[in-house]
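Enquirer: Data file upload27.txt (compact mmCIF, C-alpha atoms) is appended below.
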# COMPACT_ATOMS: atom_id res chain seq x y z
CA MET Z 1 -8.80 -10.20 -16.42
CA LEU Z 2 -5.52 -11.41 -14.85
CA SER Z 3 -2.65 -12.57 -17.04
CA ASP Z 4 -0.54 -15.62 -16.17
CA GLU Z 5 2.30 -13.27 -15.20
CA GLN Z 6 0.01 -11.35 -12.84
CA ARG Z 7 -1.34 -14.58 -11.34
CA ASN Z 8 2.21 -15.78 -10.75
CA LEU Z 9 3.03 -12.63 -8.80
CA LEU Z 10 -0.20 -12.84 -6.78
CA ASP Z 11 0.48 -16.49 -5.93
CA LYS Z 12 3.73 -15.62 -4.17
CA SER Z 13 3.37 -14.99 -0.47
CA GLY Z 14 3.83 -11.24 -0.36
CA PHE Z 15 1.52 -9.20 1.81
CA ALA Z 16 -1.36 -7.17 0.41
CA LYS Z 17 -1.74 -3.49 1.16
CA LEU Z 18 -5.47 -3.00 1.37
CA VAL Z 19 -6.90 0.47 0.91
CA THR Z 20 -10.46 1.35 1.91
CA LEU Z 21 -12.20 4.70 2.29
CA MET Z 22 -12.97 6.31 5.63
CA PRO Z 23 -16.43 7.95 6.03
CA ASP Z 24 -14.88 11.32 5.09
CA GLY Z 25 -13.29 9.81 1.94
CA HIS Z 26 -9.71 9.76 3.24
CA PRO Z 27 -7.91 6.54 2.20
CA GLN Z 28 -7.15 4.03 4.97
CA GLY Z 29 -4.46 1.39 4.50
CA THR Z 30 -3.60 -1.86 6.23
CA VAL Z 31 -1.28 -4.79 5.53
CA MET Z 32 -3.04 -8.13 5.06
CA TRP Z 33 -2.66 -11.79 4.29
CA TYR Z 34 -4.65 -12.79 1.20
CA ARG Z 35 -5.27 -15.63 -1.21
CA ARG Z 36 -6.07 -15.49 -4.92
CA GLU Z 37 -9.02 -17.50 -6.18
CA GLY Z 38 -9.57 -17.19 -9.91
CA ASP Z 39 -9.57 -13.47 -10.63
CA THR Z 40 -10.50 -12.48 -7.07
CA LEU Z 41 -8.51 -11.96 -3.89
CA ARG Z 42 -9.81 -13.09 -0.53
CA MET Z 43 -8.92 -11.76 2.91
CA ILE Z 44 -10.30 -12.33 6.39
CA ALA Z 45 -10.93 -9.68 9.04
CA PRO Z 46 -12.86 -9.26 12.30
CA GLU Z 47 -16.35 -7.91 11.68
CA SER Z 48 -15.66 -4.91 13.95
CA ALA Z 49 -12.52 -3.76 12.07
CA VAL Z 50 -12.53 -0.24 10.65
CA LYS Z 51 -11.72 -1.60 7.18
CA VAL Z 52 -14.77 -3.89 7.31
CA LYS Z 53 -17.06 -1.04 8.33
CA ASN Z 54 -15.56 1.03 5.53
CA LEU Z 55 -16.14 -1.74 2.95
CA ASP Z 56 -19.68 -2.41 4.17
CA ARG Z 57 -20.44 1.28 3.57
CA ASP Z 58 -18.39 1.78 0.37
CA SER Z 59 -17.12 -1.21 -1.61
CA ARG Z 60 -14.52 0.87 -3.48
CA SER Z 61 -11.08 -0.46 -2.60
CA THR Z 62 -7.60 -0.84 -3.98
CA VAL Z 63 -5.11 -3.60 -3.26
CA ILE Z 64 -1.38 -3.27 -3.85
CA VAL Z 65 0.65 -6.48 -3.89
CA ASP Z 66 4.40 -6.23 -4.25
CA ASP Z 67 6.61 -9.06 -5.30
CA PRO Z 68 8.43 -10.39 -2.22
CA ASP Z 69 11.41 -11.12 -4.50
CA SER Z 70 11.66 -7.61 -6.00
CA GLY Z 71 10.26 -4.34 -4.65
CA TYR Z 72 10.20 -2.98 -8.20
CA SER Z 73 7.47 -5.40 -9.29
CA TYR Z 74 3.98 -4.79 -8.02
CA LEU Z 75 0.34 -4.82 -8.99
CA GLU Z 76 -2.35 -2.31 -8.19
CA LEU Z 77 -5.82 -3.82 -8.31
CA ARG Z 78 -8.73 -1.41 -8.26
CA CYS Z 79 -11.60 -3.38 -6.87
CA ARG Z 80 -15.10 -3.62 -5.65
CA CYS Z 81 -15.33 -5.69 -2.48
CA GLU Z 82 -18.11 -7.98 -1.33
CA VAL Z 83 -18.20 -8.50 2.44
CA VAL Z 84 -19.44 -12.00 3.31
CA HIS Z 85 -20.78 -12.06 6.88
CA ASP Z 86 -20.46 -15.79 7.59
CA ASP Z 87 -18.20 -16.57 10.53
CA ALA Z 88 -17.93 -20.33 9.94
CA SER Z 89 -16.99 -19.91 6.28
CA ALA Z 90 -14.58 -17.11 7.19
CA ARG Z 91 -12.70 -19.39 9.59
CA GLU Z 92 -12.42 -22.08 6.92
CA GLU Z 93 -11.20 -19.53 4.41
CA LEU Z 94 -8.72 -18.14 6.95
CA HIS Z 95 -7.21 -21.58 7.26
CA ARG Z 96 -6.54 -21.58 3.53
CA VAL Z 97 -5.21 -18.02 3.56
CA ALA Z 98 -2.98 -18.57 6.60
CA SER Z 99 -1.55 -21.78 5.14
CA ARG Z 100 0.11 -19.69 2.43
CA TYR Z 101 2.11 -17.84 5.06
CA ILE Z 102 2.57 -20.15 8.04
CA GLY Z 103 2.01 -23.58 6.52
CA ASP Z 104 1.13 -26.31 9.00
CA ARG Z 105 0.73 -23.83 11.85
CA ALA Z 106 -2.45 -22.43 10.23
CA ALA Z 107 -4.77 -24.87 12.01
CA ASP Z 108 -3.48 -23.85 15.44
CA PHE Z 109 -3.64 -20.21 14.44
CA VAL Z 110 -7.31 -20.45 13.46
CA ALA Z 111 -8.17 -22.54 16.55
CA GLY Z 112 -6.63 -19.85 18.76
CA LEU Z 113 -8.71 -16.96 17.39
CA SER Z 114 -11.09 -15.01 19.60
CA ALA Z 115 -14.84 -15.65 19.30
CA GLU Z 116 -15.40 -12.34 17.55
CA PRO Z 117 -17.07 -13.00 14.19
CA ARG Z 118 -14.88 -12.89 11.12
CA VAL Z 119 -15.93 -11.88 7.60
CA ILE Z 120 -14.62 -12.84 4.18
CA LEU Z 121 -13.60 -9.91 1.97
CA VAL Z 122 -13.88 -10.85 -1.71
CA PHE Z 123 -12.11 -8.38 -3.98
CA GLU Z 124 -13.17 -8.26 -7.61
CA PRO Z 125 -10.71 -6.16 -9.64
CA PHE Z 126 -12.10 -4.05 -12.47
CA ARG Z 127 -8.71 -2.58 -13.39
CA VAL Z 128 -5.19 -3.93 -12.92
CA LEU Z 129 -2.17 -1.61 -13.05
CA GLY Z 130 1.40 -1.73 -11.83
CA GLN Z 131 4.58 -3.14 -13.29
CA ILE Z 132 6.29 -6.51 -13.41
CA ARG Z 133 10.03 -6.34 -13.99
CA MET O 1 4.44 13.41 15.91
CA LEU O 2 6.78 10.51 15.00
CA SER O 3 8.39 8.42 17.74
CA ASP O 4 12.02 7.28 17.56
CA GLU O 5 10.81 3.75 16.77
CA GLN O 6 8.68 5.05 13.89
CA ARG O 7 11.55 7.16 12.57
CA ASN O 8 13.83 4.13 12.68
CA LEU O 9 11.41 2.13 10.55
CA LEU O 10 10.98 5.01 8.09
CA ASP O 11 14.74 5.44 7.78
CA LYS O 12 15.15 1.89 6.47
CA SER O 13 15.04 1.62 2.70
CA GLY O 14 11.66 -0.02 2.23
CA PHE O 15 9.40 1.28 -0.50
CA ALA O 16 6.42 3.51 0.20
CA LYS O 17 2.95 2.62 -1.02
CA LEU O 18 1.41 5.96 -1.87
CA VAL O 19 -2.35 6.25 -2.04
CA THR O 20 -4.08 9.21 -3.67
CA LEU O 21 -7.69 9.75 -4.70
CA MET O 22 -8.91 9.59 -8.29
CA PRO O 23 -11.42 12.27 -9.41
CA ASP O 24 -14.29 9.86 -8.62
CA GLY O 25 -12.89 9.20 -5.11
CA HIS O 26 -11.56 5.70 -5.81
CA PRO O 27 -8.17 5.14 -4.15
CA GLN O 28 -5.15 4.91 -6.46
CA GLY O 29 -1.94 3.24 -5.26
CA THR O 30 1.66 3.27 -6.46
CA VAL O 31 4.99 2.10 -5.08
CA MET O 32 7.53 4.87 -4.51
CA TRP O 33 10.98 5.75 -3.28
CA TYR O 34 10.83 8.27 -0.45
CA ARG O 35 12.95 10.03 2.14
CA ARG O 36 11.99 11.15 5.64
CA GLU O 37 12.82 14.72 6.64
CA GLY O 38 11.78 15.57 10.18
CA ASP O 39 8.17 14.48 10.47
CA THR O 40 7.53 14.64 6.72
CA LEU O 41 8.12 12.24 3.85
CA ARG O 42 9.34 13.44 0.47
CA MET O 43 8.88 11.79 -2.91
CA ILE O 44 9.55 12.88 -6.49
CA ALA O 45 7.29 12.33 -9.48
CA PRO O 46 6.83 13.62 -13.03
CA GLU O 47 4.42 16.56 -13.12
CA SER O 48 2.16 14.70 -15.58
CA ALA O 49 1.72 11.61 -13.39
CA VAL O 50 -1.82 10.67 -12.39
CA LYS O 51 -0.84 10.73 -8.69
CA VAL O 52 0.42 14.31 -9.05
CA LYS O 53 -2.79 15.45 -10.74
CA ASN O 54 -4.72 13.71 -7.98
CA LEU O 55 -2.69 15.42 -5.23
CA ASP O 56 -2.93 18.82 -6.91
CA ARG O 57 -6.71 18.44 -6.86
CA ASP O 58 -7.08 16.72 -3.45
CA SER O 59 -4.20 16.69 -0.97
CA ARG O 60 -5.67 13.80 1.04
CA SER O 61 -3.26 10.88 0.87
CA THR O 62 -2.09 7.88 2.82
CA VAL O 63 1.36 6.33 2.81
CA ILE O 64 2.06 2.77 3.93
CA VAL O 65 5.68 1.87 4.65
CA ASP O 66 6.50 -1.69 5.56
CA ASP O 67 9.66 -2.76 7.28
CA PRO O 68 11.94 -4.41 4.68
CA ASP O 69 13.15 -6.71 7.47
CA SER O 70 9.68 -7.88 8.58
CA GLY O 71 6.41 -7.75 6.66
CA TYR O 72 4.55 -7.74 9.97
CA SER O 73 5.85 -4.27 10.90
CA TYR O 74 4.43 -1.32 9.03
CA LEU O 75 3.24 2.23 9.42
CA GLU O 76 0.20 3.89 7.93
CA LEU O 77 0.57 7.65 7.68
CA ARG O 78 -2.56 9.62 6.90
CA CYS O 79 -1.33 12.79 5.31
CA ARG O 80 -1.97 16.03 3.59
CA CYS O 81 0.41 16.53 0.67
CA GLU O 82 1.93 19.73 -0.62
CA VAL O 83 2.98 19.55 -4.28
CA VAL O 84 6.05 21.73 -4.93
CA HIS O 85 6.27 22.60 -8.63
CA ASP O 86 9.99 23.40 -8.85
CA ASP O 87 11.84 21.17 -11.28
CA ALA O 88 15.38 22.17 -10.24
CA SER O 89 14.68 21.59 -6.55
CA ALA O 90 12.92 18.33 -7.39
CA ARG O 91 16.00 17.00 -9.19
CA GLU O 92 18.20 17.90 -6.22
CA GLU O 93 15.77 16.22 -3.86
CA LEU O 94 15.57 13.16 -6.12
CA HIS O 95 19.33 12.78 -5.80
CA ARG O 96 18.94 12.58 -2.02
CA VAL O 97 15.98 10.20 -2.26
CA ALA O 98 17.63 7.93 -4.84
CA SER O 99 20.86 7.75 -2.80
CA ARG O 100 18.94 5.85 -0.12
CA TYR O 101 18.21 3.08 -2.61
CA ILE O 102 20.99 3.01 -5.19
CA GLY O 103 23.82 4.80 -3.41
CA ASP O 104 26.52 6.21 -5.66
CA ARG O 105 24.50 5.48 -8.80
CA ALA O 106 22.00 8.22 -7.86
CA ALA O 107 23.90 10.99 -9.70
CA ASP O 108 23.85 9.04 -13.00
CA PHE O 109 20.20 8.17 -12.43
CA VAL O 110 19.20 11.80 -12.02
CA ALA O 111 21.38 12.92 -14.94
CA GLY O 112 19.67 10.38 -17.18
CA LEU O 113 16.12 11.59 -16.49
CA SER O 114 13.91 12.95 -19.26
CA ALA O 115 13.35 16.72 -19.49
CA GLU O 116 9.80 16.40 -18.22
CA PRO O 117 9.41 18.58 -15.12
CA ARG O 118 9.47 16.83 -11.77
CA VAL O 119 7.66 17.90 -8.60
CA ILE O 120 8.41 17.35 -4.92
CA LEU O 121 5.60 15.73 -2.93
CA VAL O 122 5.82 16.71 0.74
CA PHE O 123 3.67 14.51 2.96
CA GLU O 124 2.68 15.89 6.35
CA PRO O 125 1.11 13.14 8.49
CA PHE O 126 -1.73 14.10 10.81
CA ARG O 127 -2.26 10.55 12.07
CA VAL O 128 0.13 7.61 12.31
CA LEU O 129 -1.16 4.04 12.66
CA GLY O 130 0.19 0.56 12.02
CA GLN O 131 2.23 -1.82 14.10
CA ILE O 132 5.90 -2.36 14.88
CA ARG O 133 6.77 -5.88 15.99
Render the structure in this file as C-alpha cells.

Expert:
Amino acid sequence: MLSDEQRNLLDKSGFAKLVTLMPDGHPQGTVMWYRREGDTLRMIAPESAVKVKNLDRDSRSTVIVDDPDSGYSYLELRCRCEVVHDDASAREELHRVASRYIGDRAADFVAGLSAEPRVILVFEPFRVLGQIR
Amino acid sequence: MLSDEQRNLLDKSGFAKLVTLMPDGHPQGTVMWYRREGDTLRMIAPESAVKVKNLDRDSRSTVIVDDPDSGYSYLELRCRCEVVHDDASAREELHRVASRYIGDRAADFVAGLSAEPRVILVFEPFRVLGQIR
C-alpha cells in the first residue's frame, strides 16, 4: 500500500491532521501525534474525546500528514479506523508515539497523564493521495 | 466570531488543510493556500477539482490551520462554503492569496496558469475550535 517515499514522509515527526465525522456528517478535525507501524498509523486519545466517539460510531476517517520540511509535500490517507479500548496497551503505545516527538521526556509525559482511560486508534488506509515534491 | 488572537494566527502564512465530503460522505482533505478576509477564509481552485465538485454538492467543510511557528497551536474552523464561479474574479483573488506565500512572484504565477476556469471558495465559519499556545 505505502511506497518507500510515502513511508519516509510518514516517519518524519510532522503532526497528523485527523478528520472524523460528527453525528450530523460534518467533518471534525484535530491535530495529533502519531506513529506509523507497517501500513497503519496509530494515535492515542482519551476515551471520552469527541473524535473517539465519532470513530466508535463511524470508522470513516481521513488523515493528512504534511512534511515538516516542506509544506508543499503531504499525504492524504483515507482510512477506516479501529478503536482499541485497552487502557494499559494505549499507555504503552503512547510512550512509543510520544518518543517520536519529545524523546526521553516521553516516560514522564505518560506517567503524568490523568487516570481517564485512553484508547488506541489504528488507521488502516484504503487510499493514499497527496503529493511529494 | 474570530478573536484578535485567532485572526493573528490566521494571518500568518501557514497552509490550510481543507476538508470536504465525498459523495459517499467520506472526508476528503487537501492542503491549500488561503487568505483571511474579515471572518471568512478564501481559497482558489480549478473548477474541475474534486474538492470543488464536493463543495458545490455539499457546502459542509472544515478548515484546519496550524501555526507555522508552533505545531501545537492550531484552529479548526467548521464552515459552510460558497463557491463563486467567476474566473476573472478568481484570478484576481488568487493574486492576493498567492502574494501571502510567494510575494512578488504572484503576478507571474497567476499569468502562467492554464485556461481552465478557477473558482473562489468562500468559507464562513460557524464554529471555531482548536488551541493557541

Enquirer: Based on only C-alpha atoms, which of the residues in chain Z come within 8 Å of chain O? I want them as a PDB file with C-alpha atoms, in the frame of the given file.

Expert:
ATOM      1  CA  PHE Z  15       1.520  -9.200   1.810  1.00  0.00           C
ATOM      2  CA  LYS Z  17      -1.740  -3.490   1.160  1.00  0.00           C
ATOM      3  CA  VAL Z  19      -6.900   0.470   0.910  1.00  0.00           C
ATOM      4  CA  THR Z  20     -10.460   1.350   1.910  1.00  0.00           C
ATOM      5  CA  LEU Z  21     -12.200   4.700   2.290  1.00  0.00           C
ATOM      6  CA  GLY Z  25     -13.290   9.810   1.940  1.00  0.00           C
ATOM      7  CA  HIS Z  26      -9.710   9.760   3.240  1.00  0.00           C
ATOM      8  CA  PRO Z  27      -7.910   6.540   2.200  1.00  0.00           C
ATOM      9  CA  GLN Z  28      -7.150   4.030   4.970  1.00  0.00           C
ATOM     10  CA  GLY Z  29      -4.460   1.390   4.500  1.00  0.00           C
ATOM     11  CA  THR Z  30      -3.600  -1.860   6.230  1.00  0.00           C
ATOM     12  CA  VAL Z  31      -1.280  -4.790   5.530  1.00  0.00           C
ATOM     13  CA  ARG Z  60     -14.520   0.870  -3.480  1.00  0.00           C
ATOM     14  CA  SER Z  61     -11.080  -0.460  -2.600  1.00  0.00           C
ATOM     15  CA  THR Z  62      -7.600  -0.840  -3.980  1.00  0.00           C
ATOM     16  CA  VAL Z  63      -5.110  -3.600  -3.260  1.00  0.00           C
ATOM     17  CA  ILE Z  64      -1.380  -3.270  -3.850  1.00  0.00           C
ATOM     18  CA  GLY Z  71      10.260  -4.340  -4.650  1.00  0.00           C
ATOM     19  CA  TYR Z  72      10.200  -2.980  -8.200  1.00  0.00           C
ATOM     20  CA  TYR Z  74       3.980  -4.790  -8.020  1.00  0.00           C
ATOM     21  CA  GLU Z  76      -2.350  -2.310  -8.190  1.00  0.00           C
ATOM     22  CA  ARG Z  78      -8.730  -1.410  -8.260  1.00  0.00           C
ATOM     23  CA  GLY Z 130       1.400  -1.730 -11.830  1.00  0.00           C
TER      24      GLY Z 130
END

Enquirer: So, counting only C-alpha atoms, which residue among Z:Tyr101, Z:Lys51, Z:Leu2, Z:Pro23 is closest to Gly38 of chain Z?

Expert: Z:Leu2

Enquirer: Give the superposed chain O as a compact mmCIF listing (two decimals) with C-alpha atoms, in the coordinates of the input, the fit being least squares on chain Z over all ordered C-alpha pairs.

Expert:
# COMPACT_ATOMS: atom_id res chain seq x y z
CA MET O 1 -8.82 -10.23 -16.44
CA LEU O 2 -5.53 -11.42 -14.85
CA SER O 3 -2.66 -12.58 -17.05
CA ASP O 4 -0.53 -15.62 -16.17
CA GLU O 5 2.31 -13.28 -15.18
CA GLN O 6 0.00 -11.36 -12.84
CA ARG O 7 -1.34 -14.58 -11.34
CA ASN O 8 2.21 -15.78 -10.74
CA LEU O 9 3.04 -12.63 -8.80
CA LEU O 10 -0.19 -12.85 -6.79
CA ASP O 11 0.47 -16.49 -5.94
CA LYS O 12 3.73 -15.61 -4.19
CA SER O 13 3.36 -14.99 -0.48
CA GLY O 14 3.83 -11.23 -0.36
CA PHE O 15 1.51 -9.21 1.82
CA ALA O 16 -1.37 -7.18 0.41
CA LYS O 17 -1.75 -3.49 1.17
CA LEU O 18 -5.48 -3.00 1.38
CA VAL O 19 -6.90 0.47 0.92
CA THR O 20 -10.46 1.35 1.91
CA LEU O 21 -12.20 4.70 2.30
CA MET O 22 -12.97 6.31 5.65
CA PRO O 23 -16.42 7.95 6.05
CA ASP O 24 -14.88 11.33 5.10
CA GLY O 25 -13.29 9.82 1.95
CA HIS O 26 -9.71 9.75 3.24
CA PRO O 27 -7.91 6.54 2.21
CA GLN O 28 -7.16 4.03 4.97
CA GLY O 29 -4.45 1.40 4.49
CA THR O 30 -3.60 -1.86 6.23
CA VAL O 31 -1.29 -4.79 5.53
CA MET O 32 -3.06 -8.12 5.05
CA TRP O 33 -2.67 -11.79 4.28
CA TYR O 34 -4.64 -12.77 1.20
CA ARG O 35 -5.27 -15.61 -1.21
CA ARG O 36 -6.06 -15.46 -4.92
CA GLU O 37 -9.02 -17.48 -6.18
CA GLY O 38 -9.57 -17.17 -9.91
CA ASP O 39 -9.57 -13.46 -10.64
CA THR O 40 -10.50 -12.48 -7.08
CA LEU O 41 -8.51 -11.96 -3.90
CA ARG O 42 -9.81 -13.10 -0.53
CA MET O 43 -8.92 -11.76 2.91
CA ILE O 44 -10.31 -12.33 6.40
CA ALA O 45 -10.93 -9.68 9.04
CA PRO O 46 -12.84 -9.25 12.30
CA GLU O 47 -16.34 -7.90 11.68
CA SER O 48 -15.64 -4.91 13.95
CA ALA O 49 -12.52 -3.77 12.09
CA VAL O 50 -12.53 -0.25 10.66
CA LYS O 51 -11.71 -1.61 7.17
CA VAL O 52 -14.77 -3.89 7.32
CA LYS O 53 -17.06 -1.03 8.34
CA ASN O 54 -15.56 1.02 5.53
CA LEU O 55 -16.14 -1.74 2.95
CA ASP O 56 -19.68 -2.40 4.18
CA ARG O 57 -20.43 1.28 3.58
CA ASP O 58 -18.39 1.78 0.37
CA SER O 59 -17.12 -1.21 -1.61
CA ARG O 60 -14.52 0.86 -3.48
CA SER O 61 -11.08 -0.47 -2.60
CA THR O 62 -7.60 -0.84 -3.99
CA VAL O 63 -5.11 -3.60 -3.26
CA ILE O 64 -1.38 -3.27 -3.85
CA VAL O 65 0.66 -6.47 -3.88
CA ASP O 66 4.40 -6.23 -4.24
CA ASP O 67 6.61 -9.06 -5.31
CA PRO O 68 8.44 -10.39 -2.22
CA ASP O 69 11.40 -11.12 -4.50
CA SER O 70 11.64 -7.61 -6.00
CA GLY O 71 10.25 -4.35 -4.65
CA TYR O 72 10.21 -2.98 -8.19
CA SER O 73 7.47 -5.41 -9.29
CA TYR O 74 3.98 -4.79 -8.01
CA LEU O 75 0.34 -4.83 -8.99
CA GLU O 76 -2.36 -2.32 -8.19
CA LEU O 77 -5.83 -3.83 -8.32
CA ARG O 78 -8.74 -1.41 -8.26
CA CYS O 79 -11.61 -3.39 -6.87
CA ARG O 80 -15.12 -3.62 -5.65
CA CYS O 81 -15.34 -5.68 -2.47
CA GLU O 82 -18.11 -7.98 -1.33
CA VAL O 83 -18.20 -8.50 2.44
CA VAL O 84 -19.44 -12.00 3.31
CA HIS O 85 -20.78 -12.06 6.88
CA ASP O 86 -20.46 -15.79 7.58
CA ASP O 87 -18.19 -16.56 10.51
CA ALA O 88 -17.92 -20.33 9.93
CA SER O 89 -17.00 -19.90 6.27
CA ALA O 90 -14.59 -17.12 7.19
CA ARG O 91 -12.70 -19.40 9.59
CA GLU O 92 -12.43 -22.09 6.92
CA GLU O 93 -11.20 -19.54 4.41
CA LEU O 94 -8.73 -18.13 6.95
CA HIS O 95 -7.21 -21.59 7.27
CA ARG O 96 -6.54 -21.59 3.52
CA VAL O 97 -5.22 -18.02 3.56
CA ALA O 98 -2.99 -18.56 6.61
CA SER O 99 -1.54 -21.78 5.13
CA ARG O 100 0.10 -19.68 2.42
CA TYR O 101 2.10 -17.83 5.06
CA ILE O 102 2.58 -20.14 8.04
CA GLY O 103 2.02 -23.57 6.53
CA ASP O 104 1.14 -26.30 9.00
CA ARG O 105 0.73 -23.81 11.85
CA ALA O 106 -2.44 -22.43 10.22
CA ALA O 107 -4.78 -24.88 12.01
CA ASP O 108 -3.47 -23.84 15.46
CA PHE O 109 -3.64 -20.20 14.43
CA VAL O 110 -7.30 -20.45 13.46
CA ALA O 111 -8.16 -22.52 16.54
CA GLY O 112 -6.63 -19.85 18.76
CA LEU O 113 -8.71 -16.97 17.39
CA SER O 114 -11.08 -15.00 19.60
CA ALA O 115 -14.84 -15.64 19.31
CA GLU O 116 -15.39 -12.34 17.54
CA PRO O 117 -17.07 -13.01 14.19
CA ARG O 118 -14.88 -12.90 11.12
CA VAL O 119 -15.93 -11.89 7.60
CA ILE O 120 -14.61 -12.84 4.17
CA LEU O 121 -13.61 -9.91 1.96
CA VAL O 122 -13.89 -10.85 -1.72
CA PHE O 123 -12.11 -8.38 -3.98
CA GLU O 124 -13.17 -8.27 -7.62
CA PRO O 125 -10.71 -6.16 -9.65
CA PHE O 126 -12.10 -4.06 -12.48
CA ARG O 127 -8.71 -2.58 -13.40
CA VAL O 128 -5.20 -3.93 -12.92
CA LEU O 129 -2.16 -1.63 -13.06
CA GLY O 130 1.42 -1.73 -11.83
CA GLN O 131 4.59 -3.13 -13.28
CA ILE O 132 6.31 -6.51 -13.40
CA ARG O 133 10.06 -6.34 -13.96

Enquirer: Measuring atom to atom with only C-alpha atoms, identify which of Z:Asp104, Z:Glu47, Z:Asp58, Z:Asp69 is nearest to Val84 of chain Z.

Expert: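 Selected residue with least distance to Val84 of chain Z: Z:Glu47.
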
Enquirer: Between atom CA of Arg36 of chain Z and atom CA of Leu94 of chain Z, what is the distance in Å, rounded to a tenth?

Expert: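 Those two atoms sit 12.4 Å apart.
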
Enquirer: Could you check which of Z:Asp24, Z:Asp39, Z:Asp86, Z:Asp11 is closest to Val128 of chain Z, using all atoms listed in the file?

Expert: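 Once distances to Val128 of chain Z are computed over all atoms listed in the file, the minimum belongs to Z:Asp39.
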
Enquirer: Let me make sure I understand: among O:Ala107, O:Val97, O:Leu113, O:Leu121, which one has the smallest atom-to-atom distance to Lys53 of chain O if we use only C-alpha atoms?

Expert: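 Residue with the minimum atom-to-atom distance to Lys53 of chain O: O:Leu121.
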
Enquirer: Under the rule that only C-alpha atoms are counted, which of Z:Ser70, Z:Asn54, Z:Ala111, Z:Ile132 is the nearest residue to Ala98 of chain Z?

Expert: Z:Ala111

Enquirer: Report as a list in words all protein, DNA and RNA residues lying within 9 Å of Val122 of chain Z, evaluated on only C-alpha atoms, omitting residues in the same chain fewer than 6 positions from it.

Expert: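 Residues near the query, excluding close chain neighbours: Thr40, Leu41, Arg42, Met43, Ile44, Arg80, Cys81, Glu82, Val83 and Val84 of chain Z.
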
Enquirer: Have a look at Z:Val52, Z:Leu10, Z:Met1, Z:Ala88 and name the one nearest to Arg100 of chain Z; count all atoms listed in the file.

Expert: Z:Leu10

Enquirer: Give me, please, the distance in Å between atom CA of Ser89 of chain O and atom CA of Glu124 of chain O, quoted to one decimal.

Expert: 18.5 Å

Enquirer: What does the distance from atom CA of Arg7 of chain Z to atom CA of Phe126 of chain Z come to in Å, to one decimal?

Expert: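 Taking atom CA of Arg7 of chain Z and atom CA of Phe126 of chain Z, their separation equals 15.1 Å.
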